Amino acid sequence: METGYIQIIREEGKAPSVEVQLTGNNDLWLTEWEMACLFNCFNQKIEMNLRSIFKSRLLWKQDVSYTHRYTDKGIEKQAVYYNLEVLIFLSYRIATFEAQIFRQFVHSALREHLQKKEVKNNRKLIWVFRTGQSCWLN
């Protein structure tokens with residue numbers, strides 16, 4: 001399974017940066033443990049917030065997760081992966097420096113994307129929910 005890659009880089013004397021490599025279909029898949037490492041928090045905080053997100057039906061677990069089954073030394077195991085949408089939701093619920101850096105990265109990526117689209121004849125961009133398609137209105 002192709003999962004993608006994300007890392008928050010903090011070097012002394014430099015502004016923090018986010019390095020991301022998405023999968024072929026422009027997504028990112030992380031386990032709870034990987035999200036906890038990324039946001040520099042305990043795994044229990046990720047679990048608690050995921051339960052809350054799914055319980056309040058902000059996201060549907062079956063839409064944003066994938067269970068990867070594999071065999072390790074003859075023992076059947078499974079790992080649950082969550083997509084980029086979950087990571088964005090979690091970043092707004094966790095108050096760590098790394099989560100703040102990730103939120104700033106998401107905002108700047110969205111601004112950059114909209115500025116590129118805005119150049120087209122100064123028309124209004126409408127993002128169509130669920131289809132992931134954008135369309136232009138005059």
# chains A, B, ... in the order shown; residues from 1 in each chain; ligands from 1

$ select_by_dssp --residues "chain A" --states "strand (DSSP E or B)" --output "PyMOL selection string"
chain A and resi 5-9+17-21+30+65-72+75-82+124-128+133-137

$ residues_around --residues "Ala79 (chain A)" --least-positions-apart "4" --cutoff "9 Å" --atoms "only C-alpha atoms" --output "ChimeraX atom specification"
/A:31,66-70

$ select_by_dssp --residues "chain A" --states "helix (DSSP H, G or I)" --output "ChimeraX atom specification"
/A:32-39,43-55,61-64,84-91,97-118

$ write_last_selection --atoms "C-alpha atoms" --output "PDB file, in the first residue's frame"
ATOM      1  CA  GLU A  32      -2.540   6.884  14.736  1.00  0.00           C
ATOM      2  CA  TRP A  33       1.036   6.425  15.937  1.00  0.00           C
ATOM      3  CA  GLU A  34       2.434   8.323  12.916  1.00  0.00           C
ATOM      4  CA  MET A  35      -0.012  11.186  13.501  1.00  0.00           C
ATOM      5  CA  ALA A  36       1.006  11.318  17.185  1.00  0.00           C
ATOM      6  CA  CYS A  37       4.686  11.520  16.194  1.00  0.00           C
ATOM      7  CA  LEU A  38       3.945  14.206  13.584  1.00  0.00           C
ATOM      8  CA  PHE A  39       2.020  16.390  16.057  1.00  0.00           C
ATOM      9  CA  ASN A  43      -1.178   8.358  20.941  1.00  0.00           C
ATOM     10  CA  GLN A  44      -4.085   8.496  23.423  1.00  0.00           C
ATOM     11  CA  LYS A  45      -4.762  12.132  22.442  1.00  0.00           C
ATOM     12  CA  ILE A  46      -5.081  11.060  18.785  1.00  0.00           C
ATOM     13  CA  GLU A  47      -7.368   8.136  19.726  1.00  0.00           C
ATOM     14  CA  MET A  48      -9.576  10.357  21.913  1.00  0.00           C
ATOM     15  CA  ASN A  49      -9.952  13.023  19.221  1.00  0.00           C
ATOM     16  CA  LEU A  50     -10.644  10.441  16.498  1.00  0.00           C
ATOM     17  CA  ARG A  51     -13.411   8.916  18.631  1.00  0.00           C
ATOM     18  CA  SER A  52     -14.905  12.360  19.154  1.00  0.00           C
ATOM     19  CA  ILE A  53     -14.743  13.242  15.442  1.00  0.00           C
ATOM     20  CA  PHE A  54     -16.413   9.981  14.414  1.00  0.00           C
ATOM     21  CA  LYS A  55     -18.973  10.060  17.246  1.00  0.00           C
ATOM     22  CA  LYS A  61     -14.722   6.314   9.581  1.00  0.00           C
ATOM     23  CA  GLN A  62     -15.400   4.075   6.588  1.00  0.00           C
ATOM     24  CA  ASP A  63     -14.819   7.033   4.235  1.00  0.00           C
ATOM     25  CA  VAL A  64     -11.495   8.184   5.684  1.00  0.00           C
ATOM     26  CA  LEU A  84      -5.221  13.551   4.812  1.00  0.00           C
ATOM     27  CA  GLU A  85      -8.728  14.786   5.658  1.00  0.00           C
ATOM     28  CA  VAL A  86      -8.439  13.243   9.136  1.00  0.00           C
ATOM     29  CA  LEU A  87      -5.014  14.801   9.617  1.00  0.00           C
ATOM     30  CA  ILE A  88      -6.424  18.251   8.821  1.00  0.00           C
ATOM     31  CA  PHE A  89      -9.342  17.766  11.247  1.00  0.00           C
ATOM     32  CA  LEU A  90      -6.986  16.588  14.005  1.00  0.00           C
ATOM     33  CA  SER A  91      -4.645  19.531  13.523  1.00  0.00           C
ATOM     34  CA  PHE A  97       3.483  23.680  18.002  1.00  0.00           C
ATOM     35  CA  GLU A  98       3.702  21.022  15.285  1.00  0.00           C
ATOM     36  CA  ALA A  99      -0.076  21.035  14.745  1.00  0.00           C
ATOM     37  CA  GLN A 100       0.065  24.828  14.417  1.00  0.00           C
ATOM     38  CA  ILE A 101       2.840  24.547  11.797  1.00  0.00           C
ATOM     39  CA  PHE A 102       0.751  21.992   9.887  1.00  0.00           C
ATOM     40  CA  ARG A 103      -2.315  24.278   9.966  1.00  0.00           C
ATOM     41  CA  GLN A 104      -0.226  27.160   8.614  1.00  0.00           C
ATOM     42  CA  PHE A 105       1.034  24.845   5.859  1.00  0.00           C
ATOM     43  CA  VAL A 106      -2.536  23.870   4.905  1.00  0.00           C
ATOM     44  CA  HIS A 107      -3.611  27.534   4.828  1.00  0.00           C
ATOM     45  CA  SER A 108      -0.663  28.585   2.676  1.00  0.00           C
ATOM     46  CA  ALA A 109      -1.191  25.665   0.275  1.00  0.00           C
ATOM     47  CA  LEU A 110      -4.860  26.599  -0.110  1.00  0.00           C
ATOM     48  CA  ARG A 111      -4.041  30.287  -0.613  1.00  0.00           C
ATOM     49  CA  GLU A 112      -1.421  29.382  -3.223  1.00  0.00           C
ATOM     50  CA  HIS A 113      -3.872  27.115  -5.035  1.00  0.00           C
ATOM     51  CA  LEU A 114      -6.592  29.780  -5.069  1.00  0.00           C
ATOM     52  CA  GLN A 115      -4.188  32.486  -6.269  1.00  0.00           C
ATOM     53  CA  LYS A 116      -3.211  30.306  -9.239  1.00  0.00           C
ATOM     54  CA  LYS A 117      -6.883  29.746 -10.062  1.00  0.00           C
ATOM     55  CA  GLU A 118      -7.774  33.429  -9.540  1.00  0.00           C
TER      56      GLU A 118
END

$ closest_residue --among "A:Tyr81, A:Ile8, A:Thr96, A:Lys14" --to "Asn40 (chain A)" --atoms "only C-alpha atoms"
A:Thr96

$ atom_distance --atom1 "CA of Ser56 (chain A)" --atom2 "CA of Asn25 (chain A)"
27.9 Å
